[in-house]
Amino acid sequence: MTKQVPTRIANILINALKGGVVPRAGLEYITVGRTQEIAAILHDIEMIEEGGASFRFIVGKYGSGKSFLLQTIRNYATAKGFAVVDADLSPERRFAGTKGQGLATYKELIKNLSTKSKPDGGALPLILEKWISGIQMSVRTRLPVEDNARSREKSAAGDMAEADSSAEFDREVERQIYAVAGSLEGMVNGFEFAKAVVLYWKAYREDDAALKSNVLRWFRGEYPTRKEAKADLGINFIVTDETWYDFLKIFAAFLVGAGYKGMLVIIDELVNIFKIPNSITRANNYEKILTMYNDVLQGKARHIGFLMGGTPQCIEDKYKGVFSYEALRSRLAEGHFATADVKDLSAPIIRLQMLTQEEMYILVEKLQNIHAQLYNYTPALTQEDLVYFLTVEYNRVGAETHITPREIIRDFIELINILHQNPQKTVSQILGDNSFEMAKGGIPDEEIQDEFREFEI
């Protein structure tokens, strides 16, 4: 029996899955299968925590569960203390472009920055405030006891002693702020990032809301020109199409300094690169992917992981896919020993297989229980009914190679919606007798000429 699901989550799950969309909450209630794939990615996350980096492509047909797996990993990573950024590519969001598409991807990633305490995105201000208040708390508890006693003795002399104590406290906090900022200065564009971190601390200390807002704008890549950033912040630098990936690496280093385990970057809908009609623009995007991939494998990136979701065609097509870029194809192509049944799950490409019929049975059973909780009724479908439904689904023409979990889930939710709304109906009445008749071709009752009467195809 499925454990009790909060009504809000049950509503999100049923509505999202019926619409063919992956919900961002409640995935733990319906996750089935994918044990090996999840274990491989969780091992990557452990390596990221240790200071390493990882890069994976999650490849599967539309509706096969790519986005579901990515969201499951996203939720796991935030629960483990990671910061996660995610974005779907689109014609306006790519890795590189002539109209700011790379910067648009960066903006979307930072907008969706999520942590355990802020799982729905927009976590950047919270991360900065929490980091500064954490340092203040640490300094407050570590100040020497004798200094505190001396401050209490001096307090009788007036407010000057309190001012001295406060100044000493601020100096110690600032020293630790600068220590984290200083650790970033050796990275590409790290000096400017460190300067922005210190500016945010000053705005926090002085309660300057306008300066805070401007620093956040700079972090998010929202300054259109360096001149404006220079006027507002004294920083003669902004995030651009060319520098956004370097900024992600700096963010990862900063987040570790701020107490997080690392950063996970999740990018879905890689098919939008495949769809770019201009071959030079496609090549520029694949060049950016190659840069990230090389940085990860050569140890130039730390505490950061990349997960990219795409279809088999957008990866393997030798004319427009990732494999059309020879430098990537030679790095990503499988060796001679992996087969459809025997996979190397430590390879950079994880190919999603269809869920087994046993796993699909467990899934539809979970969905029936969640639906019953949501609409407050006792589940009526028996084990035989669920098996009968799956048999009908798998008996469709071409189902063996083309049916996906998304289609089965949508059909099942439609079935239980109809049964709930029409209690007089039975499963067999809705599904039919599970027999299929080939469509008749030609015109009904047409006359067949004598010379063709004996002819058969």
# chains A, B, ... in the order shown; residues from 1 in each chain; ligands from 1

call {"tool": "residues_around", "arguments": {"residues": "stretch 298-309 of chain A", "least_positions_apart": "2", "cutoff": "9 Å", "atoms": "only C-alpha atoms", "output": "MDAnalysis selection string"}}
result
chainID A and resid 44:45 47:60 66:67 70 248:249 252:253 256 261:271 292:296 311

call {"tool": "residues_around", "arguments": {"residues": "A:Asn75", "least_positions_apart": "3", "cutoff": "9 Å", "atoms": "only C-alpha atoms", "output": "ChimeraX atom specification"}}
result
/A:24-25,27-28,70-72,78-80,84,116,119

call {"tool": "select_by_dssp", "arguments": {"residues": "stretch 144-355 of chain A", "states": "strand (DSSP E or B)", "output": "number ranges by chain"}}
result
A: 263-268, 304-310, 349-351

call {"tool": "write_last_selection", "arguments": {"atoms": "N, CA, C and O atoms", "output": "PDB file, in the first residue's frame"}}
result
ATOM      1  N   MET A 263      27.829  21.779  -6.573  1.00  0.00           N
ATOM      2  CA  MET A 263      26.774  22.255  -7.463  1.00  0.00           C
ATOM      3  C   MET A 263      26.491  21.209  -8.532  1.00  0.00           C
ATOM      4  O   MET A 263      27.407  20.640  -9.120  1.00  0.00           O
ATOM      5  N   LEU A 264      25.198  20.954  -8.762  1.00  0.00           N
ATOM      6  CA  LEU A 264      24.772  20.049  -9.825  1.00  0.00           C
ATOM      7  C   LEU A 264      24.053  20.876 -10.884  1.00  0.00           C
ATOM      8  O   LEU A 264      23.124  21.628 -10.570  1.00  0.00           O
ATOM      9  N   VAL A 265      24.489  20.746 -12.141  1.00  0.00           N
ATOM     10  CA  VAL A 265      23.903  21.494 -13.257  1.00  0.00           C
ATOM     11  C   VAL A 265      23.111  20.513 -14.119  1.00  0.00           C
ATOM     12  O   VAL A 265      23.688  19.577 -14.684  1.00  0.00           O
ATOM     13  N   ILE A 266      21.794  20.720 -14.206  1.00  0.00           N
ATOM     14  CA  ILE A 266      20.927  19.818 -14.965  1.00  0.00           C
ATOM     15  C   ILE A 266      20.352  20.576 -16.156  1.00  0.00           C
ATOM     16  O   ILE A 266      19.679  21.594 -15.995  1.00  0.00           O
ATOM     17  N   ILE A 267      20.631  20.067 -17.355  1.00  0.00           N
ATOM     18  CA  ILE A 267      20.168  20.723 -18.582  1.00  0.00           C
ATOM     19  C   ILE A 267      19.410  19.693 -19.417  1.00  0.00           C
ATOM     20  O   ILE A 267      19.967  18.667 -19.806  1.00  0.00           O
ATOM     21  N   ASP A 268      18.128  19.977 -19.673  1.00  0.00           N
ATOM     22  CA  ASP A 268      17.280  19.049 -20.423  1.00  0.00           C
ATOM     23  C   ASP A 268      16.965  19.630 -21.802  1.00  0.00           C
ATOM     24  O   ASP A 268      17.282  20.779 -22.092  1.00  0.00           O
ATOM     25  N   ILE A 304      31.553  20.179  -9.109  1.00  0.00           N
ATOM     26  CA  ILE A 304      30.470  20.485 -10.035  1.00  0.00           C
ATOM     27  C   ILE A 304      30.164  19.256 -10.886  1.00  0.00           C
ATOM     28  O   ILE A 304      31.075  18.507 -11.256  1.00  0.00           O
ATOM     29  N   GLY A 305      28.876  19.031 -11.142  1.00  0.00           N
ATOM     30  CA  GLY A 305      28.463  17.912 -11.976  1.00  0.00           C
ATOM     31  C   GLY A 305      27.471  18.379 -13.029  1.00  0.00           C
ATOM     32  O   GLY A 305      26.680  19.296 -12.788  1.00  0.00           O
ATOM     33  N   PHE A 306      27.516  17.754 -14.210  1.00  0.00           N
ATOM     34  CA  PHE A 306      26.611  18.104 -15.306  1.00  0.00           C
ATOM     35  C   PHE A 306      25.791  16.878 -15.698  1.00  0.00           C
ATOM     36  O   PHE A 306      26.344  15.793 -15.908  1.00  0.00           O
ATOM     37  N   LEU A 307      24.485  17.057 -15.797  1.00  0.00           N
ATOM     38  CA  LEU A 307      23.589  16.035 -16.325  1.00  0.00           C
ATOM     39  C   LEU A 307      22.815  16.659 -17.479  1.00  0.00           C
ATOM     40  O   LEU A 307      22.167  17.694 -17.306  1.00  0.00           O
ATOM     41  N   MET A 308      22.898  16.034 -18.659  1.00  0.00           N
ATOM     42  CA  MET A 308      22.220  16.582 -19.834  1.00  0.00           C
ATOM     43  C   MET A 308      21.301  15.529 -20.424  1.00  0.00           C
ATOM     44  O   MET A 308      21.728  14.403 -20.675  1.00  0.00           O
ATOM     45  N   GLY A 309      20.036  15.905 -20.649  1.00  0.00           N
ATOM     46  CA  GLY A 309      19.049  14.975 -21.170  1.00  0.00           C
ATOM     47  C   GLY A 309      18.770  15.213 -22.643  1.00  0.00           C
ATOM     48  O   GLY A 309      18.593  16.356 -23.076  1.00  0.00           O
ATOM     49  N   GLY A 310      18.718  14.125 -23.413  1.00  0.00           N
ATOM     50  CA  GLY A 310      18.422  14.252 -24.843  1.00  0.00           C
ATOM     51  C   GLY A 310      17.902  12.951 -25.416  1.00  0.00           C
ATOM     52  O   GLY A 310      17.951  11.902 -24.768  1.00  0.00           O
ATOM     53  N   ILE A 349      27.543   8.278 -21.383  1.00  0.00           N
ATOM     54  CA  ILE A 349      26.160   8.238 -21.859  1.00  0.00           C
ATOM     55  C   ILE A 349      25.410   7.115 -21.155  1.00  0.00           C
ATOM     56  O   ILE A 349      25.820   5.952 -21.207  1.00  0.00           O
ATOM     57  N   ILE A 350      24.326   7.466 -20.458  1.00  0.00           N
ATOM     58  CA  ILE A 350      23.444   6.473 -19.839  1.00  0.00           C
ATOM     59  C   ILE A 350      22.185   6.393 -20.689  1.00  0.00           C
ATOM     60  O   ILE A 350      21.449   7.372 -20.815  1.00  0.00           O
ATOM     61  N   ARG A 351      21.955   5.224 -21.278  1.00  0.00           N
ATOM     62  CA  ARG A 351      20.792   5.036 -22.145  1.00  0.00           C
ATOM     63  C   ARG A 351      19.665   4.385 -21.346  1.00  0.00           C
ATOM     64  O   ARG A 351      19.859   3.326 -20.750  1.00  0.00           O
TER      65      ARG A 351
END

call {"tool": "residues_around", "arguments": {"residues": "A:Leu113", "least_positions_apart": "5", "cutoff": "6 Å", "atoms": "only C-alpha atoms", "output": "count of residues only"}}
result
5

call {"tool": "select_by_dssp", "arguments": {"residues": "stretch 83-242 of chain A", "states": "alpha helix (DSSP H)", "output": "short mmCIF file (atom, residue, chain, number, x, y, z; two decimals) with C-alpha atoms, in the first residue's frame"}}
result
data_model
loop_
_atom_site.label_atom_id
_atom_site.label_comp_id
_atom_site.auth_asym_id
_atom_site.auth_seq_id
_atom_site.Cartn_x
_atom_site.Cartn_y
_atom_site.Cartn_z
CA GLN A 101 21.36 32.58 -26.02
CA GLY A 102 24.25 31.35 -23.84
CA LEU A 103 23.67 34.16 -21.33
CA ALA A 104 19.93 33.37 -21.39
CA THR A 105 20.74 29.80 -20.34
CA TYR A 106 22.92 31.10 -17.49
CA LYS A 107 20.12 33.43 -16.32
CA GLU A 108 17.64 30.54 -16.32
CA LEU A 109 20.05 28.33 -14.38
CA ILE A 110 20.68 30.92 -11.66
CA LYS A 111 16.96 31.78 -11.50
CA LEU A 124 20.55 32.93 -4.35
CA PRO A 125 19.57 35.67 -1.83
CA LEU A 126 18.86 33.01 0.81
CA ILE A 127 22.25 31.37 0.23
CA LEU A 128 24.11 34.68 0.65
CA GLU A 129 22.15 35.73 3.75
CA LYS A 130 22.46 32.30 5.34
CA TRP A 131 26.20 32.22 4.67
CA ILE A 132 26.79 35.66 6.23
CA SER A 133 24.59 34.98 9.26
CA GLY A 134 26.37 31.63 9.70
CA ILE A 135 29.74 33.39 9.81
CA GLN A 136 28.37 35.92 12.29
CA MET A 137 27.09 33.11 14.52
CA SER A 138 30.42 31.30 14.30
CA VAL A 139 32.38 34.45 15.21
CA ARG A 140 30.00 35.23 18.06
CA THR A 141 30.52 31.81 19.65
CA ARG A 142 34.30 31.77 19.05
CA VAL A 145 35.71 34.51 26.69
CA GLU A 146 38.09 36.98 28.28
CA ASP A 147 37.28 39.56 25.60
CA ASN A 148 33.61 39.23 26.42
CA ALA A 149 34.35 39.60 30.13
CA ARG A 150 36.51 42.67 29.46
CA SER A 151 33.72 44.18 27.39
CA ARG A 152 31.29 43.70 30.24
CA GLU A 153 33.70 45.40 32.68
CA LYS A 154 34.17 48.33 30.31
CA MET A 160 32.66 53.21 23.83
CA ALA A 161 33.44 49.67 25.00
CA GLU A 162 30.39 48.32 23.20
CA ALA A 163 31.51 50.11 20.05
CA ASP A 164 35.00 48.57 20.36
CA SER A 165 33.47 45.12 20.82
CA SER A 166 31.17 45.62 17.84
CA ALA A 167 34.07 46.83 15.67
CA GLU A 168 36.14 43.80 16.65
CA PHE A 169 33.20 41.53 15.82
CA ASP A 170 32.76 43.16 12.40
CA ARG A 171 36.51 42.89 11.69
CA GLU A 172 36.49 39.14 12.43
CA VAL A 173 33.38 38.56 10.31
CA GLU A 174 34.90 40.59 7.48
CA ARG A 175 38.15 38.62 7.75
CA GLN A 176 36.24 35.37 7.18
CA ILE A 177 34.21 36.90 4.33
CA TYR A 178 37.46 37.98 2.65
CA ALA A 179 38.98 34.53 3.25
CA VAL A 180 36.22 32.89 1.17
CA ALA A 181 36.31 35.68 -1.42
CA GLY A 182 40.09 35.46 -1.62
CA SER A 183 39.93 31.74 -2.39
CA LEU A 184 38.00 32.60 -5.58
CA GLY A 190 37.25 35.15 -9.81
CA PHE A 191 38.52 38.58 -8.73
CA GLU A 192 35.33 40.30 -9.93
CA PHE A 193 33.16 37.61 -8.33
CA ALA A 194 35.02 38.01 -5.03
CA LYS A 195 34.55 41.78 -5.19
CA ALA A 196 30.78 41.27 -5.61
CA VAL A 197 30.71 38.91 -2.62
CA VAL A 198 32.38 41.54 -0.43
CA LEU A 199 29.99 44.22 -1.74
CA TYR A 200 27.05 42.05 -0.72
CA TRP A 201 28.51 41.73 2.79
CA LYS A 202 28.81 45.53 3.05
CA ALA A 203 25.22 45.96 1.84
CA TYR A 204 24.10 43.36 4.39
CA ARG A 205 25.98 45.07 7.24
CA GLU A 206 24.68 48.51 6.35
CA ALA A 209 18.63 47.24 0.04
CA ALA A 210 19.51 49.01 -3.22
CA LEU A 211 23.12 47.78 -3.20
CA LYS A 212 21.98 44.24 -2.34
CA SER A 213 19.60 44.30 -5.29
CA ASN A 214 22.33 45.53 -7.65
CA VAL A 215 24.79 42.84 -6.53
CA LEU A 216 22.12 40.15 -7.04
CA ARG A 217 21.45 41.56 -10.52
CA TRP A 218 25.15 41.24 -11.28
CA PHE A 219 25.31 37.64 -10.03
CA ARG A 226 29.91 46.88 -18.24
CA LYS A 227 29.43 50.63 -18.01
CA GLU A 228 26.27 50.22 -15.91
CA ALA A 229 27.92 47.64 -13.66
CA LYS A 230 30.89 49.96 -13.19
CA ALA A 231 28.61 52.87 -12.27
CA ASP A 232 26.54 50.89 -9.76
CA LEU A 233 29.13 48.53 -8.27
#

call {"tool": "atom_distance", "arguments": {"atom1": "atom CA of A:Glu334", "atom2": "atom CA of A:Ile73"}}
result
23.9 Å

call {"tool": "closest_residue", "arguments": {"among": "A:Tyr319, A:Tyr377, A:Phe412, A:Phe68", "to": "A:Tyr361", "atoms": "only C-alpha atoms"}}
result
A:Phe412

call {"tool": "atom_distance", "arguments": {"atom1": "atom CA of A:Glu393", "atom2": "atom CA of A:Gln421"}}
result
21.8 Å

call {"tool": "residues_around", "arguments": {"residues": "stretch 378-385 of chain A", "least_positions_apart": "5", "cutoff": "10 Å", "atoms": "only C-alpha atoms", "output": "list of chain:residue names"}}
result
A:Tyr361, A:Glu365, A:Gln368, A:Asn369, A:Ile370, A:His371, A:Ala372, A:Gln373, A:Leu390, A:Thr391, A:Ile416, A:Leu419, A:His420, A:Pro423, A:Thr426, A:Val427, A:Ser428

call {"tool": "write_last_selection", "arguments": {"atoms": "N, CA, C and O atoms", "output": "PDB file, in the first residue's frame"}}
result
ATOM      1  N   TYR A 361       3.656  -2.305 -13.546  1.00  0.00           N
ATOM      2  CA  TYR A 361       2.545  -2.742 -12.686  1.00  0.00           C
ATOM      3  C   TYR A 361       2.628  -2.031 -11.328  1.00  0.00           C
ATOM      4  O   TYR A 361       1.619  -1.525 -10.813  1.00  0.00           O
ATOM      5  N   GLU A 365      -0.139   0.723  -9.865  1.00  0.00           N
ATOM      6  CA  GLU A 365      -0.742   0.442  -8.561  1.00  0.00           C
ATOM      7  C   GLU A 365      -0.557   1.645  -7.628  1.00  0.00           C
ATOM      8  O   GLU A 365      -1.490   2.058  -6.917  1.00  0.00           O
ATOM      9  N   GLN A 368      -2.950   4.406  -8.737  1.00  0.00           N
ATOM     10  CA  GLN A 368      -4.329   4.169  -8.331  1.00  0.00           C
ATOM     11  C   GLN A 368      -4.542   4.564  -6.867  1.00  0.00           C
ATOM     12  O   GLN A 368      -5.529   5.216  -6.521  1.00  0.00           O
ATOM     13  N   ASN A 369      -3.583   4.218  -5.999  1.00  0.00           N
ATOM     14  CA  ASN A 369      -3.712   4.552  -4.581  1.00  0.00           C
ATOM     15  C   ASN A 369      -3.658   6.064  -4.344  1.00  0.00           C
ATOM     16  O   ASN A 369      -4.395   6.606  -3.508  1.00  0.00           O
ATOM     17  N   ILE A 370      -2.777   6.760  -5.076  1.00  0.00           N
ATOM     18  CA  ILE A 370      -2.685   8.222  -4.937  1.00  0.00           C
ATOM     19  C   ILE A 370      -3.978   8.881  -5.424  1.00  0.00           C
ATOM     20  O   ILE A 370      -4.502   9.801  -4.796  1.00  0.00           O
ATOM     21  N   HIS A 371      -4.507   8.403  -6.546  1.00  0.00           N
ATOM     22  CA  HIS A 371      -5.763   8.929  -7.093  1.00  0.00           C
ATOM     23  C   HIS A 371      -6.897   8.720  -6.090  1.00  0.00           C
ATOM     24  O   HIS A 371      -7.728   9.621  -5.863  1.00  0.00           O
ATOM     25  N   ALA A 372      -6.936   7.548  -5.459  1.00  0.00           N
ATOM     26  CA  ALA A 372      -7.981   7.242  -4.478  1.00  0.00           C
ATOM     27  C   ALA A 372      -7.869   8.149  -3.260  1.00  0.00           C
ATOM     28  O   ALA A 372      -8.877   8.616  -2.711  1.00  0.00           O
ATOM     29  N   GLN A 373      -6.615   8.419  -2.815  1.00  0.00           N
ATOM     30  CA  GLN A 373      -6.414   9.341  -1.688  1.00  0.00           C
ATOM     31  C   GLN A 373      -6.881  10.752  -2.056  1.00  0.00           C
ATOM     32  O   GLN A 373      -7.528  11.433  -1.261  1.00  0.00           O
ATOM     33  N   LEU A 390      -2.606  -3.360 -18.481  1.00  0.00           N
ATOM     34  CA  LEU A 390      -1.251  -3.397 -19.050  1.00  0.00           C
ATOM     35  C   LEU A 390      -1.195  -4.314 -20.265  1.00  0.00           C
ATOM     36  O   LEU A 390      -0.472  -4.035 -21.235  1.00  0.00           O
ATOM     37  N   THR A 391      -1.948  -5.398 -20.241  1.00  0.00           N
ATOM     38  CA  THR A 391      -1.984  -6.304 -21.385  1.00  0.00           C
ATOM     39  C   THR A 391      -2.528  -5.588 -22.616  1.00  0.00           C
ATOM     40  O   THR A 391      -1.983  -5.708 -23.720  1.00  0.00           O
ATOM     41  N   ILE A 416      -8.739   5.648 -14.794  1.00  0.00           N
ATOM     42  CA  ILE A 416      -9.274   5.747 -13.425  1.00  0.00           C
ATOM     43  C   ILE A 416     -10.121   6.998 -13.244  1.00  0.00           C
ATOM     44  O   ILE A 416     -11.040   7.012 -12.427  1.00  0.00           O
ATOM     45  N   LEU A 419     -13.507   5.819 -14.636  1.00  0.00           N
ATOM     46  CA  LEU A 419     -14.153   4.889 -13.702  1.00  0.00           C
ATOM     47  C   LEU A 419     -14.685   5.620 -12.471  1.00  0.00           C
ATOM     48  O   LEU A 419     -15.748   5.290 -11.951  1.00  0.00           O
ATOM     49  N   HIS A 420     -13.928   6.613 -11.999  1.00  0.00           N
ATOM     50  CA  HIS A 420     -14.368   7.369 -10.824  1.00  0.00           C
ATOM     51  C   HIS A 420     -15.597   8.209 -11.143  1.00  0.00           C
ATOM     52  O   HIS A 420     -16.519   8.334 -10.324  1.00  0.00           O
ATOM     53  N   PRO A 423     -19.146   5.353 -12.120  1.00  0.00           N
ATOM     54  CA  PRO A 423     -18.992   4.134 -11.317  1.00  0.00           C
ATOM     55  C   PRO A 423     -19.762   2.935 -11.857  1.00  0.00           C
ATOM     56  O   PRO A 423     -19.457   1.794 -11.499  1.00  0.00           O
ATOM     57  N   THR A 426     -17.446  -0.732 -16.066  1.00  0.00           N
ATOM     58  CA  THR A 426     -16.415  -1.682 -15.641  1.00  0.00           C
ATOM     59  C   THR A 426     -15.177  -1.485 -16.505  1.00  0.00           C
ATOM     60  O   THR A 426     -15.236  -0.849 -17.574  1.00  0.00           O
ATOM     61  N   VAL A 427     -14.068  -2.042 -16.051  1.00  0.00           N
ATOM     62  CA  VAL A 427     -12.812  -1.919 -16.799  1.00  0.00           C
ATOM     63  C   VAL A 427     -12.957  -2.516 -18.190  1.00  0.00           C
ATOM     64  O   VAL A 427     -12.537  -1.927 -19.192  1.00  0.00           O
ATOM     65  N   SER A 428     -13.583  -3.692 -18.274  1.00  0.00           N
ATOM     66  CA  SER A 428     -13.706  -4.364 -19.566  1.00  0.00           C
ATOM     67  C   SER A 428     -14.602  -3.587 -20.533  1.00  0.00           C
ATOM     68  O   SER A 428     -14.366  -3.589 -21.743  1.00  0.00           O
TER      69      SER A 428
END

call {"tool": "atom_distance", "arguments": {"atom1": "atom CA of A:Val392", "atom2": "atom CA of A:Gln36"}}
result
28.5 Å

call {"tool": "closest_residue", "arguments": {"among": "A:Ile276, A:Val22, A:Ile12, A:Ala333", "to": "A:Ser90", "atoms": "only C-alpha atoms"}}
result
A:Ile276

call {"tool": "residues_around", "arguments": {"residues": "A:Tyr29", "least_positions_apart": "6", "cutoff": "10 Å", "atoms": "only C-alpha atoms", "output": "ChimeraX atom specification"}}
result
/A:2-5,9-10,13,363,366-367,370

call {"tool": "closest_residue", "arguments": {"among": "A:Gly432, A:Gly257, A:Gly19, A:Pro348", "to": "A:Gly63", "atoms": "only C-alpha atoms"}}
result
A:Gly19
